[in-house]
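Reproduced below: upload36.pdb, with PDB, C-alpha atoms and all ligand atoms.
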ATOM      1  CA  MET A  33     -54.071  22.143  45.493  1.00  0.00           C
ATOM      2  CA  ARG A  34     -51.691  24.957  44.843  1.00  0.00           C
ATOM      3  CA  ASN A  35     -49.112  23.442  47.198  1.00  0.00           C
ATOM      4  CA  GLU A  36     -49.205  20.146  45.351  1.00  0.00           C
ATOM      5  CA  ASP A  37     -48.716  21.894  41.982  1.00  0.00           C
ATOM      6  CA  ASP A  38     -45.784  23.923  43.281  1.00  0.00           C
ATOM      7  CA  SER A  39     -44.010  20.881  44.636  1.00  0.00           C
ATOM      8  CA  SER A  40     -44.584  18.693  41.578  1.00  0.00           C
ATOM      9  CA  GLU A  41     -43.377  21.254  39.030  1.00  0.00           C
ATOM     10  CA  PRO A  42     -39.770  21.631  40.206  1.00  0.00           C
ATOM     11  CA  SER A  43     -39.373  17.916  40.836  1.00  0.00           C
ATOM     12  CA  ALA A  44     -40.435  17.145  37.254  1.00  0.00           C
ATOM     13  CA  LEU A  45     -37.948  19.735  36.026  1.00  0.00           C
ATOM     14  CA  LEU A  46     -35.228  18.242  38.225  1.00  0.00           C
ATOM     15  CA  GLU A  47     -36.010  14.802  36.852  1.00  0.00           C
ATOM     16  CA  ARG A  48     -35.629  16.068  33.266  1.00  0.00           C
ATOM     17  CA  LEU A  49     -32.383  17.818  34.139  1.00  0.00           C
ATOM     18  CA  THR A  50     -31.009  14.754  35.858  1.00  0.00           C
ATOM     19  CA  SER A  51     -31.807  12.502  32.913  1.00  0.00           C
ATOM     20  CA  THR A  52     -30.172  15.018  30.554  1.00  0.00           C
ATOM     21  CA  VAL A  53     -27.036  15.037  32.676  1.00  0.00           C
ATOM     22  CA  ILE A  54     -26.989  11.224  32.806  1.00  0.00           C
ATOM     23  CA  ASP A  55     -27.425  11.035  28.995  1.00  0.00           C
ATOM     24  CA  CYS A  56     -24.613  13.506  28.518  1.00  0.00           C
ATOM     25  CA  LEU A  57     -22.310  11.596  30.856  1.00  0.00           C
ATOM     26  CA  ALA A  58     -23.072   8.335  29.047  1.00  0.00           C
ATOM     27  CA  THR A  59     -22.276   9.940  25.689  1.00  0.00           C
ATOM     28  CA  CYS A  60     -19.027  11.375  26.993  1.00  0.00           C
ATOM     29  CA  LYS A  61     -18.045   8.007  28.413  1.00  0.00           C
ATOM     30  CA  ARG A  62     -18.748   6.256  25.086  1.00  0.00           C
ATOM     31  CA  ALA A  63     -16.733   8.837  23.165  1.00  0.00           C
ATOM     32  CA  GLY A  64     -13.918   8.551  25.661  1.00  0.00           C
ATOM     33  CA  SER A  65     -13.682   4.784  25.368  1.00  0.00           C
ATOM     34  CA  ARG A  66     -13.748   5.046  21.534  1.00  0.00           C
ATOM     35  CA  ILE A  67     -10.750   7.360  21.653  1.00  0.00           C
ATOM     36  CA  ALA A  68      -8.960   5.001  24.038  1.00  0.00           C
ATOM     37  CA  ASP A  69      -9.715   2.036  21.716  1.00  0.00           C
ATOM     38  CA  SER A  70      -8.356   3.794  18.634  1.00  0.00           C
ATOM     39  CA  LEU A  71      -5.218   4.817  20.512  1.00  0.00           C
ATOM     40  CA  THR A  72      -4.434   1.242  21.562  1.00  0.00           C
ATOM     41  CA  GLY A  73      -5.216   0.048  18.014  1.00  0.00           C
ATOM     42  CA  GLU A  74      -2.731   2.444  16.465  1.00  0.00           C
ATOM     43  CA  GLY A  75      -0.093   1.502  18.988  1.00  0.00           C
ATOM     44  CA  GLU A  76      -0.401  -2.170  18.054  1.00  0.00           C
ATOM     45  CA  ILE A  77      -0.124  -1.521  14.293  1.00  0.00           C
ATOM     46  CA  GLU A  78       2.987   0.575  14.768  1.00  0.00           C
ATOM     47  CA  SER A  79       4.796  -2.088  16.785  1.00  0.00           C
ATOM     48  CA  LEU A  80       3.849  -4.801  14.227  1.00  0.00           C
ATOM     49  CA  SER A  81       5.134  -2.878  11.199  1.00  0.00           C
ATOM     50  CA  ILE A  82       8.727  -2.747  12.454  1.00  0.00           C
ATOM     51  CA  PRO A  83       9.719  -6.440  11.949  1.00  0.00           C
ATOM     52  CA  GLU A  84       7.837  -6.500   8.593  1.00  0.00           C
ATOM     53  CA  THR A  85       9.982  -3.679   7.180  1.00  0.00           C
ATOM     54  CA  GLN A  86      13.121  -5.469   8.290  1.00  0.00           C
ATOM     55  CA  THR A  87      12.281  -8.731   6.468  1.00  0.00           C
ATOM     56  CA  THR A  88      11.643  -6.950   3.142  1.00  0.00           C
ATOM     57  CA  THR A  89      15.041  -5.240   3.267  1.00  0.00           C
ATOM     58  CA  ILE A  90      16.867  -8.509   4.043  1.00  0.00           C
ATOM     59  CA  ARG A  91      15.498 -10.582   1.135  1.00  0.00           C
ATOM     60  CA  GLY A  92      15.466  -8.549  -2.036  1.00  0.00           C
ATOM     61  CA  ASP A  93      16.619  -5.528  -3.994  1.00  0.00           C
ATOM     62  CA  THR A  94      15.615  -1.911  -4.291  1.00  0.00           C
ATOM     63  CA  GLY A  95      16.065   0.667  -7.016  1.00  0.00           C
ATOM     64  CA  TRP A  96      15.537   0.587 -10.753  1.00  0.00           C
ATOM     65  CA  ALA A  97      19.153  -0.399 -11.509  1.00  0.00           C
ATOM     66  CA  ASN A  98      18.722  -3.584  -9.450  1.00  0.00           C
ATOM     67  CA  ARG A  99      15.419  -4.419 -11.078  1.00  0.00           C
ATOM     68  CA  PRO A 100      14.672  -8.107 -11.750  1.00  0.00           C
ATOM     69  CA  PRO A 101      14.814  -9.326 -15.393  1.00  0.00           C
ATOM     70  CA  ALA A 102      11.761  -8.159 -17.340  1.00  0.00           C
ATOM     71  CA  VAL A 103       9.976  -9.466 -20.413  1.00  0.00           C
ATOM     72  CA  LEU A 104       9.080  -6.566 -22.715  1.00  0.00           C
ATOM     73  CA  GLU A 105       6.707  -6.365 -25.635  1.00  0.00           C
ATOM     74  CA  CYS A 106       8.132  -4.756 -28.780  1.00  0.00           C
ATOM     75  CA  PRO A 107       5.898  -1.838 -29.830  1.00  0.00           C
ATOM     76  CA  ARG A 108       6.967  -2.369 -33.466  1.00  0.00           C
ATOM     77  CA  CYS A 109       6.395  -6.089 -34.048  1.00  0.00           C
ATOM     78  CA  GLY A 110       4.645  -7.247 -30.858  1.00  0.00           C
ATOM     79  CA  GLY A 111       7.377  -9.783 -30.107  1.00  0.00           C
ATOM     80  CA  GLU A 112       8.168 -10.532 -26.466  1.00  0.00           C
ATOM     81  CA  PHE A 113      11.787 -10.629 -25.343  1.00  0.00           C
ATOM     82  CA  ASP A 114      13.891 -10.402 -22.168  1.00  0.00           C
ATOM     83  CA  GLN A 115      15.640  -7.336 -20.864  1.00  0.00           C
ATOM     84  CA  HIS A 116      17.834  -8.889 -18.204  1.00  0.00           C
ATOM     85  CA  ARG A 117      19.092  -5.721 -16.589  1.00  0.00           C
ATOM     86  CA  ALA A 118      17.553  -2.255 -16.436  1.00  0.00           C
ATOM     87  CA  VAL A 119      20.727  -0.735 -17.929  1.00  0.00           C
ATOM     88  CA  ASP A 120      20.743  -3.037 -20.995  1.00  0.00           C
ATOM     89  CA  LEU A 121      19.991  -1.605 -24.422  1.00  0.00           C
ATOM     90  CA  ILE A 122      16.516  -2.729 -25.468  1.00  0.00           C
ATOM     91  CA  ASP A 123      17.146  -4.596 -28.716  1.00  0.00           C
ATOM     92  CA  CYS A 124      14.248  -6.574 -30.199  1.00  0.00           C
ATOM     93  CA  PRO A 125      15.522  -9.924 -31.555  1.00  0.00           C
ATOM     94  CA  TYR A 126      12.537 -10.213 -33.936  1.00  0.00           C
ATOM     95  CA  CYS A 127      12.817  -6.907 -35.792  1.00  0.00           C
ATOM     96  CA  VAL A 128      15.099  -3.893 -36.177  1.00  0.00           C
ATOM     97  CA  ALA A 129      13.610  -1.975 -33.237  1.00  0.00           C
ATOM     98  CA  GLU A 130      16.148  -0.653 -30.726  1.00  0.00           C
ATOM     99  CA  PHE A 131      15.508   1.498 -27.704  1.00  0.00           C
ATOM    100  CA  SER A 132      17.604   3.143 -25.037  1.00  0.00           C
ATOM    101  CA  PRO A 133      17.205   1.647 -21.529  1.00  0.00           C
ATOM    102  CA  GLU A 134      15.262   4.753 -20.450  1.00  0.00           C
ATOM    103  CA  ALA A 135      12.645   4.082 -23.141  1.00  0.00           C
ATOM    104  CA  VAL A 136      11.388   1.121 -21.096  1.00  0.00           C
ATOM    105  CA  ARG A 137       8.555   3.351 -19.861  1.00  0.00           C
ATOM    106  CA  ASP A 138       7.172   3.460 -23.431  1.00  0.00           C
ATOM    107  CA  LEU A 139       7.180  -0.327 -23.694  1.00  0.00           C
ATOM    108  CA  GLU A 140       4.832  -2.842 -22.165  1.00  0.00           C
ATOM    109  CA  VAL A 141       6.329  -4.929 -19.338  1.00  0.00           C
ATOM    110  CA  VAL A 142       4.575  -8.284 -19.832  1.00  0.00           C
ATOM    111  CA  ALA A 143       6.389 -10.266 -17.140  1.00  0.00           C
ATOM    112  CA  MET A 144       9.136 -10.070 -14.539  1.00  0.00           C
ATOM    113  CA  ARG A 145      11.297 -13.032 -13.521  1.00  0.00           C
ATOM    114  CA  CYS A 146      12.740 -13.855 -10.151  1.00  0.00           C
ATOM    115  CA  PRO A 147      16.559 -13.480 -10.329  1.00  0.00           C
ATOM    116  CA  ARG A 148      16.930 -16.222  -7.695  1.00  0.00           C
ATOM    117  CA  CYS A 149      14.584 -19.007  -8.749  1.00  0.00           C
ATOM    118  CA  HIS A 150      13.353 -17.794 -12.192  1.00  0.00           C
ATOM    119  CA  THR A 151       9.689 -18.001 -11.226  1.00  0.00           C
ATOM    120  CA  ASP A 152       7.376 -15.386 -12.778  1.00  0.00           C
ATOM    121  CA  LEU A 153       7.036 -12.578 -10.257  1.00  0.00           C
ATOM    122  CA  ASP A 154       3.897 -10.858  -9.092  1.00  0.00           C
ATOM    123  CA  TYR A 155       4.396  -7.196  -9.870  1.00  0.00           C
ATOM    124  CA  GLY A 156       2.482  -3.955  -9.973  1.00  0.00           C
ATOM    125  CA  LYS A 157       2.382  -0.220  -9.551  1.00  0.00           C
ATOM    126  CA  ARG A 158       1.800   1.789  -6.429  1.00  0.00           C
ATOM    127  CA  HIS A 159       1.034   5.036  -8.256  1.00  0.00           C
ATOM    128  CA  PRO A 160      -0.426   4.061 -11.675  1.00  0.00           C
ATOM    129  CA  ASN A 161      -1.025   7.692 -12.676  1.00  0.00           C
ATOM    130  CA  VAL A 162       2.556   8.772 -12.037  1.00  0.00           C
ATOM    131  CA  PHE A 163       4.632   5.759 -13.131  1.00  0.00           C
ATOM    132  CA  GLU A 164       4.452   3.700 -16.322  1.00  0.00           C
ATOM    133  CA  VAL A 165       6.765   0.951 -15.107  1.00  0.00           C
ATOM    134  CA  PRO A 166       6.289  -1.610 -12.324  1.00  0.00           C
ATOM    135  CA  GLN A 167       7.218  -0.347  -8.871  1.00  0.00           C
ATOM    136  CA  TRP A 168       7.306  -3.607  -6.948  1.00  0.00           C
ATOM    137  CA  ALA A 169       7.769  -7.283  -7.675  1.00  0.00           C
ATOM    138  CA  HIS A 170       7.390 -10.260  -5.383  1.00  0.00           C
ATOM    139  CA  CYS A 171       8.223 -13.952  -5.728  1.00  0.00           C
ATOM    140  CA  GLU A 172       5.662 -16.293  -4.195  1.00  0.00           C
ATOM    141  CA  HIS A 173       8.155 -19.136  -4.472  1.00  0.00           C
ATOM    142  CA  CYS A 174      11.272 -17.856  -2.669  1.00  0.00           C
ATOM    143  CA  GLN A 175       9.881 -14.598  -1.158  1.00  0.00           C
ATOM    144  CA  TYR A 176      12.332 -12.443  -3.147  1.00  0.00           C
ATOM    145  CA  HIS A 177      11.065  -8.868  -3.126  1.00  0.00           C
ATOM    146  CA  TRP A 178      12.029  -5.903  -5.249  1.00  0.00           C
ATOM    147  CA  GLU A 179      10.930  -2.366  -4.575  1.00  0.00           C
ATOM    148  CA  PHE A 180      11.300   0.646  -6.894  1.00  0.00           C
ATOM    149  CA  THR A 181      12.609   3.576  -4.912  1.00  0.00           C
ATOM    150  CA  HIS A 182      12.389   7.191  -6.024  1.00  0.00           C
ATOM    151  CA  SER A 183      15.886   7.188  -7.490  1.00  0.00           C
ATOM    152  CA  PHE A 184      15.116   6.600 -11.174  1.00  0.00           C
TER     153      PHE A 184
HETATM  154 ZN    ZN B 201      10.270  -6.021 -32.597  1.00  0.00          ZN
HETATM  155 ZN    ZN B 202      11.998 -16.554  -6.455  1.00  0.00          ZN
END
Show how you would write the structure in this file as structure tokens.
Amino acid sequence: MRNEDDSSEPSALLERLTSTVIDCLATCKRAGSRIADSLTGEGEIESLSIPETQTTTIRGDTGWANRPPAVLECPRCGGEFDQHRAVDLIDCPYCVAEFSPEAVRDLEVVAMRCPRCHTDLDYGKRHPNVFEVPQWAHCEHCQYHWEFTHSF
């Protein structure tokens, strides 16, 4: 009886140890393949982003000075009027309000127009808490793209 007990005890222990080792190996293998997957994923994204950047620089403008024409709302009378170029004096045609070009950040930009095909542009901000003016504009019609750079 004692012999049987002695022989069964270590074998049960060995079985537990073996299953622990197998579990551990399986976990390591899963973790390893996850890392490999994420590495290949990143590699693919990086290679795809290169041609995309090139197309945006070919068709479009960058910088505030090359901004597309904007429609502004007069803070005094609420009238909407064009400011064709960013360097133009902001002069409301409906009332006596006049603003320097830099004051555009205090005014509401209500629309931006494509300088190529005059379609209303999609536009928006990338950092709404930092900037009060649009930072990008895109034409769905002719694919014109404008991007604010950090050279205000
Ligand atoms: Zn006005
Ligand atoms: Zn356009």
- request: Go through the shown structure with the PyMOL selection byres (((chain A and resi 181) around 12) and not hetatm) and write out the matching residues as a PyMOL selection string.
  value: chain A and resi 93-99+157-158+163+166-168+178-180+182-184
Please return as an mmCIF file with C-alpha atoms, in the coordinates of the input the residues found within 10 Å of ligand ZN 202 (chain B), counting only C-alpha atoms and all ligand atoms.
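After the write, pocket-v2.cif holds the following:
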data_model
loop_
_atom_site.group_PDB
_atom_site.id
_atom_site.type_symbol
_atom_site.label_atom_id
_atom_site.label_comp_id
_atom_site.auth_asym_id
_atom_site.auth_seq_id
_atom_site.Cartn_x
_atom_site.Cartn_y
_atom_site.Cartn_z
ATOM 1 C CA GLY A 92 15.466 -8.549 -2.036
ATOM 2 C CA ARG A 145 11.297 -13.032 -13.521
ATOM 3 C CA CYS A 146 12.740 -13.855 -10.151
ATOM 4 C CA PRO A 147 16.559 -13.480 -10.329
ATOM 5 C CA ARG A 148 16.930 -16.222 -7.695
ATOM 6 C CA CYS A 149 14.584 -19.007 -8.749
ATOM 7 C CA HIS A 150 13.353 -17.794 -12.192
ATOM 8 C CA THR A 151 9.689 -18.001 -11.226
ATOM 9 C CA ASP A 152 7.376 -15.386 -12.778
ATOM 10 C CA LEU A 153 7.036 -12.578 -10.257
ATOM 11 C CA HIS A 170 7.390 -10.260 -5.383
ATOM 12 C CA CYS A 171 8.223 -13.952 -5.728
ATOM 13 C CA GLU A 172 5.662 -16.293 -4.195
ATOM 14 C CA HIS A 173 8.155 -19.136 -4.472
ATOM 15 C CA CYS A 174 11.272 -17.856 -2.669
ATOM 16 C CA GLN A 175 9.881 -14.598 -1.158
ATOM 17 C CA TYR A 176 12.332 -12.443 -3.147
ATOM 18 C CA HIS A 177 11.065 -8.868 -3.126
#
- request: Starting from the shown file, work through the PyMOL selection byres (((chain A and resi 115) around 6) and not hetatm) and note down what comes out as a PyMOL selection string.
  value: chain A and resi 101-102+114+116-117
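With the cut-off set to 10 Å and all atoms listed in the file counted, the residues surrounding ligand ZN 201 (chain B) are A:Leu104, A:Glu105, A:Cys106, A:Pro107, A:Arg108, A:Cys109, A:Gly110, A:Gly111, A:Glu112, A:Phe113, A:Asp123, A:Cys124, A:Pro125, A:Tyr126, A:Cys127, A:Val128, A:Ala129, A:Glu130.
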- request: Could you tell me how far atom CA of A:Pro133 lies from atom CA of A:Ala118, in Å and to one decimal?
  value: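 Distance between the two atoms: 6.4 Å.
Going from atom CA of A:Leu121 to atom CA of A:Leu139 covers 12.9 Å.
Atom CA of A:Asn161 sits 19.9 Å away from atom CA of A:Ala143.
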- prompt: Which one of A:Ser43, A:Pro100, A:Val119, A:Arg137 sits closest to A:Ala169 if you count only C-alpha atoms?
  reply: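 Once distances to A:Ala169 are computed over only C-alpha atoms, the minimum belongs to A:Pro100.
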query: Smallest atom-to-atom distance to A:Val103: which of A:Asp120, A:Val136, A:Val142, A:Arg91, using all atoms listed in the file?
result: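 The shortest atom-to-atom distance to A:Val103 comes from A:Val142.
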For stretch 90-125 of chain A, where the input has fewer atoms than it should, I would like N, CA and C atoms rebuilt and written as a CSV table (one decimal), in the coordinates of the input.
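Heads up, here's the output in out.csv:
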chain,number,residue,atom,x,y,z
A,90,ILE,N,15.9,-7.4,4.0
A,90,ILE,CA,16.9,-8.5,4.0
A,90,ILE,C,16.8,-9.3,2.7
A,91,ARG,N,15.6,-9.7,2.3
A,91,ARG,CA,15.5,-10.6,1.1
A,91,ARG,C,15.0,-9.8,-0.1
A,92,GLY,N,15.9,-9.2,-0.8
A,92,GLY,CA,15.5,-8.5,-2.0
A,92,GLY,C,16.4,-7.4,-2.5
A,93,ASP,N,15.9,-6.7,-3.5
A,93,ASP,CA,16.6,-5.5,-4.0
A,93,ASP,C,15.7,-4.3,-4.0
A,94,THR,N,16.4,-3.1,-4.1
A,94,THR,CA,15.6,-1.9,-4.3
A,94,THR,C,16.3,-1.1,-5.4
A,95,GLY,N,15.5,-0.2,-6.0
A,95,GLY,CA,16.1,0.7,-7.0
A,95,GLY,C,15.9,0.1,-8.4
A,96,TRP,N,15.8,1.0,-9.4
A,96,TRP,CA,15.5,0.6,-10.8
A,96,TRP,C,16.7,-0.2,-11.3
A,97,ALA,N,17.9,0.2,-11.0
A,97,ALA,CA,19.2,-0.4,-11.5
A,97,ALA,C,19.3,-1.9,-11.1
A,98,ASN,N,18.7,-2.2,-10.0
A,98,ASN,CA,18.7,-3.6,-9.4
A,98,ASN,C,17.4,-4.3,-9.7
A,99,ARG,N,16.7,-3.8,-10.7
A,99,ARG,CA,15.4,-4.4,-11.1
A,99,ARG,C,15.6,-5.9,-11.5
A,100,PRO,N,14.6,-6.7,-11.3
A,100,PRO,CA,14.7,-8.1,-11.8
A,100,PRO,C,14.5,-8.1,-13.3
A,101,PRO,N,15.0,-9.2,-13.9
A,101,PRO,CA,14.8,-9.3,-15.4
A,101,PRO,C,13.4,-9.2,-15.8
A,102,ALA,N,13.1,-8.4,-16.9
A,102,ALA,CA,11.8,-8.2,-17.3
A,102,ALA,C,11.6,-8.7,-18.7
A,103,VAL,N,10.3,-9.1,-19.1
A,103,VAL,CA,10.0,-9.5,-20.4
A,103,VAL,C,9.2,-8.3,-21.0
A,104,LEU,N,9.7,-7.7,-22.1
A,104,LEU,CA,9.1,-6.6,-22.7
A,104,LEU,C,8.4,-6.9,-24.0
A,105,GLU,N,7.4,-6.2,-24.4
A,105,GLU,CA,6.7,-6.4,-25.6
A,105,GLU,C,7.2,-5.3,-26.6
A,106,CYS,N,7.6,-5.7,-27.8
A,106,CYS,CA,8.1,-4.8,-28.8
A,106,CYS,C,7.0,-4.0,-29.4
A,107,PRO,N,7.0,-2.6,-29.3
A,107,PRO,CA,5.9,-1.8,-29.8
A,107,PRO,C,5.8,-1.9,-31.4
A,108,ARG,N,6.9,-2.3,-32.0
A,108,ARG,CA,7.0,-2.4,-33.5
A,108,ARG,C,6.4,-3.7,-34.0
A,109,CYS,N,6.8,-4.8,-33.5
A,109,CYS,CA,6.4,-6.1,-34.0
A,109,CYS,C,5.6,-6.9,-33.1
A,110,GLY,N,5.4,-6.5,-31.8
A,110,GLY,CA,4.6,-7.2,-30.9
A,110,GLY,C,5.4,-8.5,-30.3
A,111,GLY,N,6.6,-8.7,-30.7
A,111,GLY,CA,7.4,-9.8,-30.1
A,111,GLY,C,7.7,-9.6,-28.6
A,112,GLU,N,7.8,-10.6,-27.9
A,112,GLU,CA,8.2,-10.5,-26.5
A,112,GLU,C,9.6,-11.0,-26.2
A,113,PHE,N,10.4,-10.3,-25.6
A,113,PHE,CA,11.8,-10.6,-25.3
A,113,PHE,C,12.3,-10.1,-24.0
A,114,ASP,N,13.4,-10.7,-23.5
A,114,ASP,CA,13.9,-10.4,-22.2
A,114,ASP,C,14.8,-9.1,-22.2
A,115,GLN,N,14.6,-8.4,-21.2
A,115,GLN,CA,15.6,-7.3,-20.9
A,115,GLN,C,16.2,-7.7,-19.5
A,116,HIS,N,17.4,-8.3,-19.5
A,116,HIS,CA,17.8,-8.9,-18.2
A,116,HIS,C,18.1,-7.8,-17.1
A,117,ARG,N,18.8,-6.8,-17.5
A,117,ARG,CA,19.1,-5.7,-16.6
A,117,ARG,C,18.5,-4.4,-17.1
A,118,ALA,N,18.2,-3.5,-16.1
A,118,ALA,CA,17.6,-2.3,-16.4
A,118,ALA,C,18.5,-1.4,-17.3
A,119,VAL,N,19.8,-1.6,-17.2
A,119,VAL,CA,20.7,-0.7,-17.9
A,119,VAL,C,21.0,-1.3,-19.3
A,120,ASP,N,20.5,-2.5,-19.7
A,120,ASP,CA,20.7,-3.0,-21.0
A,120,ASP,C,20.0,-2.3,-22.1
A,121,LEU,N,20.7,-2.2,-23.3
A,121,LEU,CA,20.0,-1.6,-24.4
A,121,LEU,C,18.8,-2.5,-24.8
A,122,ILE,N,17.7,-1.9,-25.1
A,122,ILE,CA,16.5,-2.7,-25.5
A,122,ILE,C,16.6,-3.0,-27.0
A,123,ASP,N,16.9,-4.2,-27.3
A,123,ASP,CA,17.1,-4.6,-28.7
A,123,ASP,C,16.2,-5.8,-29.1
A,124,CYS,N,15.2,-5.5,-29.9
A,124,CYS,CA,14.2,-6.6,-30.2
A,124,CYS,C,14.9,-7.6,-31.1
A,125,PRO,N,14.9,-8.9,-30.7
A,125,PRO,CA,15.5,-9.9,-31.6
A,125,PRO,C,14.7,-10.3,-32.8
